[in-house]
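What follows is a set of notes on a single structure, which appears directly below.
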Amino acid sequence: MIENTIQSEIHWETIYAKVVEEVDQLSFARFGYDDAWSVGKRLLEISRERNHPVAIAVVFGDQRVFQAALPGSSANNDDWLDRKFQVVRRHNAASYAIGCAQRACSGDYFADNGYDRGKFAIAGGAVPLRIQGSLIGAVGVSGLAEEDDHALVVEVLREYLGCRVLNGSGS
């Protein structure tokens, strides 16, 4: 039993390190309302193509600047997004990274930090938006398995960042 716990902790530490590294590569030189709309629309397009029952949002601070929901999603997904965004705001890290870090240490995120389960969700799907390393907001998806929510956001942000670099508009 102890060996399984140690292996599990190492597994989550490895995933945590990977998530932090991939998210740290997603910093932009600028990112405005038009960019938020473009990223949100791309998430919507891909989710429609793949028949994902998701809610999608982009926030700048507390302001929701893009929001969409596809069939099969519900108001519960909106609530999950709000709570995932709260984790990003608090830690300047992807909600999945914080969840992985917590699983690696086998603690209780809520009890250990005094956080309300109704306000925070350490589940994957919310990724920080950073301009030159500074947190300005987040992009989130809710409705899939947490690692898939996270992967979809990272996929689209990487794609968008790559297109901007290729088009000469900077990162």
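Simple scheme: letters A, B, ... for chains in structure tokens order, numbers from 1 for residues in each chain, numbers from 1 for ligands in the order shown.
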Spatial neighbours of Gly133 of chain A, max dist 12 Å, only C-alpha atoms, sep filter under 6 positions, as a PyMOL selection string: chain A and resi 23-31+92-93+171
Just all heavy atoms for this one: save the residues we selected as a short mmCIF file (atom, residue, chain, number, x, y, z; two decimals), in the first residue's frame.
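That gives us result.cif:
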```
data_model
loop_
_atom_site.label_atom_id
_atom_site.label_comp_id
_atom_site.auth_asym_id
_atom_site.auth_seq_id
_atom_site.Cartn_x
_atom_site.Cartn_y
_atom_site.Cartn_z
N VAL A 23 2.29 25.36 -19.62
CA VAL A 23 1.57 26.62 -19.41
C VAL A 23 2.53 27.80 -19.38
O VAL A 23 2.21 28.88 -19.90
CB VAL A 23 0.71 26.54 -18.12
CG1 VAL A 23 0.16 27.89 -17.74
CG2 VAL A 23 -0.42 25.53 -18.31
N ASP A 24 3.71 27.62 -18.83
CA ASP A 24 4.71 28.70 -18.81
C ASP A 24 5.15 29.12 -20.21
O ASP A 24 5.61 30.24 -20.41
CB ASP A 24 5.93 28.30 -17.98
CG ASP A 24 5.67 28.39 -16.49
OD1 ASP A 24 4.61 28.93 -16.08
OD2 ASP A 24 6.52 27.90 -15.71
N GLN A 25 4.98 28.25 -21.20
CA GLN A 25 5.34 28.57 -22.58
C GLN A 25 4.24 29.36 -23.30
O GLN A 25 4.41 29.72 -24.46
CB GLN A 25 5.63 27.28 -23.36
CG GLN A 25 6.83 26.53 -22.85
CD GLN A 25 6.98 25.16 -23.49
OE1 GLN A 25 6.18 24.74 -24.30
NE2 GLN A 25 8.03 24.45 -23.09
N LEU A 26 3.13 29.63 -22.63
CA LEU A 26 1.98 30.26 -23.27
C LEU A 26 1.83 31.74 -22.90
O LEU A 26 0.72 32.24 -22.78
CB LEU A 26 0.70 29.50 -22.90
CG LEU A 26 0.64 28.05 -23.35
CD1 LEU A 26 -0.59 27.36 -22.77
CD2 LEU A 26 0.65 27.96 -24.87
N SER A 27 2.91 32.45 -22.77
CA SER A 27 2.84 33.87 -22.44
C SER A 27 2.81 34.69 -23.73
O SER A 27 3.52 34.39 -24.69
CB SER A 27 4.05 34.27 -21.60
OG SER A 27 3.90 35.58 -21.12
N PHE A 28 1.97 35.71 -23.75
CA PHE A 28 1.78 36.56 -24.92
C PHE A 28 2.44 37.92 -24.69
O PHE A 28 2.57 38.37 -23.56
CB PHE A 28 0.28 36.78 -25.17
CG PHE A 28 -0.45 35.53 -25.60
CD1 PHE A 28 -0.90 34.62 -24.66
CD2 PHE A 28 -0.68 35.27 -26.94
CE1 PHE A 28 -1.57 33.46 -25.04
CE2 PHE A 28 -1.35 34.12 -27.34
CZ PHE A 28 -1.79 33.22 -26.39
N ALA A 29 2.81 38.60 -25.79
CA ALA A 29 3.31 39.98 -25.71
C ALA A 29 2.14 40.93 -25.51
O ALA A 29 2.26 41.96 -24.87
CB ALA A 29 4.09 40.34 -26.97
N ARG A 30 0.99 40.57 -26.09
CA ARG A 30 -0.25 41.33 -25.90
C ARG A 30 -1.41 40.36 -26.11
O ARG A 30 -1.29 39.37 -26.82
CB ARG A 30 -0.35 42.51 -26.85
CG ARG A 30 -0.32 42.14 -28.31
CD ARG A 30 -0.39 43.36 -29.22
NE ARG A 30 -0.27 42.96 -30.60
CZ ARG A 30 -1.20 42.31 -31.31
NH1 ARG A 30 -2.34 41.98 -30.75
NH2 ARG A 30 -0.99 42.00 -32.56
N PHE A 31 -2.52 40.65 -25.49
CA PHE A 31 -3.71 39.80 -25.63
C PHE A 31 -4.90 40.64 -25.22
O PHE A 31 -5.03 41.02 -24.06
CB PHE A 31 -3.60 38.56 -24.73
CG PHE A 31 -4.56 37.47 -25.09
CD1 PHE A 31 -4.17 36.40 -25.87
CD2 PHE A 31 -5.88 37.50 -24.62
CE1 PHE A 31 -5.06 35.39 -26.21
CE2 PHE A 31 -6.77 36.49 -24.95
CZ PHE A 31 -6.37 35.44 -25.74
N ASN A 92 -2.10 31.89 -9.78
CA ASN A 92 -1.44 32.21 -11.04
C ASN A 92 -0.88 30.93 -11.67
O ASN A 92 0.27 30.86 -12.11
CB ASN A 92 -0.32 33.24 -10.84
CG ASN A 92 0.24 33.74 -12.17
OD1 ASN A 92 -0.29 33.46 -13.24
ND2 ASN A 92 1.35 34.47 -12.09
N ALA A 93 -1.71 29.92 -11.70
CA ALA A 93 -1.34 28.62 -12.26
C ALA A 93 -2.58 27.95 -12.81
O ALA A 93 -3.71 28.30 -12.45
CB ALA A 93 -0.73 27.74 -11.16
N SER A 171 4.19 37.41 -30.11
CA SER A 171 3.56 36.41 -29.26
C SER A 171 2.69 36.99 -28.20
O SER A 171 2.58 38.05 -27.85
CB SER A 171 4.60 35.52 -28.63
OG SER A 171 5.56 36.27 -27.93
#
```
Shell of 6 Å around segment 48-63 of chain A, only C-alpha atoms, local chain residues under 5 positions omitted, as an MDAnalysis selection string: chainID A and resid 68:73 77 136:143
Chain A: residues DSSP assigns to strand (DSSP E), reported as a PyMOL selection string: chain A and resi 27-28+55-60+63-69+126-131+134-142
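Every protein or nucleic acid residue with an atom no more than 9 Å from Lys41 of chain A, counting only C-alpha atoms and leaving out same-chain residues fewer than 4 positions away, appears here: Ala36, Trp37, Glu45, Ile46, Phe66 and Ala68 of chain A.
Put simply, atom CA of Trp12 of chain A is 24.6 Å away from atom CA of Leu135 of chain A.
Proximity ranking of A:Lys119, A:Arg42, A:Arg64, A:His91 relative to Val20 of chain A places A:His91 first, based on only C-alpha atoms.
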Just want the 12 Å neighbourhood of Tyr115 of chain A, counted on only C-alpha atoms, with same-chain residues fewer than 6 positions away dropped. Output as number ranges by chain. A: 83, 86-87, 90, 108-109, 121-122
Taking only C-alpha atoms into account, which of A:Ala94, A:Cys100, A:Val65, A:Val88 comes nearest Thr14 of chain A? A:Cys100
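Taking atom CA of Leu157 of chain A and atom CA of Tyr96 of chain A as endpoints, the distance between them is 15.5 Å.
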Using only C-alpha atoms, the shortest atom-to-atom distance to Ile131 of chain A among A:Leu144, A:Val154, A:Ala104, A:Leu161 belongs to A:Leu161
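The closest residue to Lys18 of chain A, picked from A:Ala123, A:Leu152, A:Ala101, A:Ala145 and counting only C-alpha atoms, is A:Ala101.
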In Å to one decimal, how far is atom CA of Glu146 of chain A from atom CA of Ser95 of chain A? 9.4 Å
